[in-house]
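Engineer: One structure follows; several queries about it will come next.
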Amino acid sequence: MDLFESHVIPLQLSPDRQSEISFWPAWLGSAEADDLLATAIDKINWRQDSINIAGKSIPIPRLQNYFGDPTTSYTYSRIRLQAVAFPSWMDSIRVRVEQQTGCCFNRTLVNYYRDGRDSVDWHADDEVELGLEPIIASVSLGEDRPFLLRHKTSKERLKINLPHGSLMMMGPGVQEYWHHSIAKDKNVVKSRVNFTFRHMD
Ligand SMILES: O=C(O)CCC(=O)C(=O)O
Ligand SMILES: [Mn+2]
């Protein structure tokens, strides 16, 4: 496969430490991205999970599923996701993400934002299972939705548009110092699927 140069967006963690976001805006060609989007929507057994707030079960505003070694699971916001074995079509994307980034990824959380009413609230991918300073790579398909970053203490903000077929990678330390989110947008009527590639021992 062809490897592309990334755009590098420097990200200040603390006064004496910097990290970066690497970004490949047109990582997949549009026909391939179209196919991958259609396959993901059709083939993934989408889960509608709920969180418990004050004794009430509230559905999270997106569908999801989690892939990796099926003897393992991942828990965030008290939602326990038992891993599903990688289907071969997803595993080949995982391998290409590894080749492009030079990092190892063995787990994937996939989110399906059906329209602009779906979102993910401010959070960091900092669960202990992800290890110290996790590196997270993300492939976006479908509708453009801005990826928002907010520094945990200075509240500095950054917005990166993640187009159809793009690859983005958050470097070491980003989860410790920054939160990220996808905001609701009532003007968005089309869907978006996002794969986040992670590594767990
Ligand atoms: O949809 C995205 O781009 C971000 C998803 C995300 O942050 C997550 O699944 O942890
Ligand atoms: Mn995240």
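Each chain in the structure tokens gets a letter, A, B and so on, in the order shown; residues start at 1 in every chain, and ligands are counted from 1 in the order they appear.
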Considering only C-alpha atoms, return as a list in words whatever protein or nucleic-acid residues lie within 7 Å of A:Thr196, sequence-local ones (same chain, fewer than 6 positions apart) excluded.
Structural biologist: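 Residues meeting the cut-off are Thr108, Leu109, Val110, Ile136, Ala137, Ser138 and Val139 of chain A.
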Engineer: Distance limit 10 Å, reference ligand 2, atoms considered: only C-alpha atoms and all ligand atoms. Which residues make the cut? Give them as a VMD selection string.
Structural biologist: chain A and resid 109 120 to 126 136 to 138 147 170 175 179 to 182 196
Engineer: Compile the contact shell of A:Phe105 as a VMD selection string: residues with an atom at most 8 Å away, counting only C-alpha atoms, same-chain residues fewer than 4 positions apart removed.
Structural biologist: chain A and resid 94 98 197 to 200
Engineer: Export N, CA, C and O atoms of the chosen residues as a PDB file, in the first residue's frame?
Structural biologist:
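The resulting file, selection.pdb, is reproduced below:
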ATOM      1  N   ARG A  94      -7.315  -2.524  10.123  1.00  0.00           N
ATOM      2  CA  ARG A  94      -6.466  -2.430  11.322  1.00  0.00           C
ATOM      3  C   ARG A  94      -4.981  -2.559  10.941  1.00  0.00           C
ATOM      4  O   ARG A  94      -4.137  -1.769  11.369  1.00  0.00           O
ATOM      5  N   GLU A  98      -1.907   0.171  11.206  1.00  0.00           N
ATOM      6  CA  GLU A  98      -0.605  -0.115  11.844  1.00  0.00           C
ATOM      7  C   GLU A  98       0.545   0.235  10.902  1.00  0.00           C
ATOM      8  O   GLU A  98       1.544   0.822  11.308  1.00  0.00           O
ATOM      9  N   PHE A 197      -8.868   2.871  16.920  1.00  0.00           N
ATOM     10  CA  PHE A 197      -7.939   1.752  17.125  1.00  0.00           C
ATOM     11  C   PHE A 197      -7.111   2.020  18.371  1.00  0.00           C
ATOM     12  O   PHE A 197      -6.592   3.123  18.541  1.00  0.00           O
ATOM     13  N   ARG A 198      -7.049   1.011  19.211  1.00  0.00           N
ATOM     14  CA  ARG A 198      -6.374   1.137  20.504  1.00  0.00           C
ATOM     15  C   ARG A 198      -5.477  -0.068  20.724  1.00  0.00           C
ATOM     16  O   ARG A 198      -5.596  -1.060  20.011  1.00  0.00           O
ATOM     17  N   HIS A 199      -4.648  -0.004  21.755  1.00  0.00           N
ATOM     18  CA  HIS A 199      -3.851  -1.178  22.117  1.00  0.00           C
ATOM     19  C   HIS A 199      -4.059  -1.530  23.579  1.00  0.00           C
ATOM     20  O   HIS A 199      -4.055  -0.643  24.438  1.00  0.00           O
ATOM     21  N   MET A 200      -4.300  -2.805  23.817  1.00  0.00           N
ATOM     22  CA  MET A 200      -4.391  -3.299  25.203  1.00  0.00           C
ATOM     23  C   MET A 200      -3.543  -4.550  25.335  1.00  0.00           C
ATOM     24  O   MET A 200      -3.530  -5.384  24.431  1.00  0.00           O
TER      25      MET A 200
END
Engineer: Between A:Ile9, A:Ala54, A:Ala85, A:Leu3, single out the one closest to A:Tyr66, counting only C-alpha atoms.
Structural biologist: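 For A:Tyr66, the nearest of the given residues is A:Ala85.
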Engineer: Could you jot down the atom CA of A:Arg117 to atom CA of A:Phe23 separation for me, Å, one decimal place?
Structural biologist: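 Distance reported for this atom pair: 25.8 Å.
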Engineer: Report as a list of chain:residue names all protein, DNA and RNA residues lying within 9 Å of A:Glu133, evaluated on only C-alpha atoms, omitting residues in the same chain fewer than 6 positions from it.
Structural biologist: A:Asp126, A:Gly171, A:Pro172, A:Gly173, A:Val174, A:Gln175, A:Glu176
Engineer: Using only C-alpha atoms, determine which residues lie at most 7 Å from A:Lys184, disregarding the query and same-chain residues fewer than 4 positions distant; provide the list as a list in words.
Structural biologist: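 After dropping sequence-adjacent residues, the list is Gly116, Arg117, Asp118 and Ser119 of chain A.
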Engineer: Go ahead and write the selection's residues with N, CA and C atoms as a PDB file, in the first residue's frame.
Structural biologist:
ATOM      1  N   GLY A 116     -27.111  14.034  13.173  1.00  0.00           N
ATOM      2  CA  GLY A 116     -26.534  15.038  14.069  1.00  0.00           C
ATOM      3  C   GLY A 116     -27.072  15.009  15.494  1.00  0.00           C
ATOM      4  N   ARG A 117     -28.095  14.181  15.732  1.00  0.00           N
ATOM      5  CA  ARG A 117     -28.563  14.053  17.125  1.00  0.00           C
ATOM      6  C   ARG A 117     -27.642  13.146  17.918  1.00  0.00           C
ATOM      7  N   ASP A 118     -26.852  12.341  17.214  1.00  0.00           N
ATOM      8  CA  ASP A 118     -25.894  11.472  17.915  1.00  0.00           C
ATOM      9  C   ASP A 118     -24.595  12.234  18.174  1.00  0.00           C
ATOM     10  N   SER A 119     -23.889  11.836  19.217  1.00  0.00           N
ATOM     11  CA  SER A 119     -22.722  12.601  19.675  1.00  0.00           C
ATOM     12  C   SER A 119     -21.895  11.738  20.634  1.00  0.00           C
TER      13      SER A 119
END
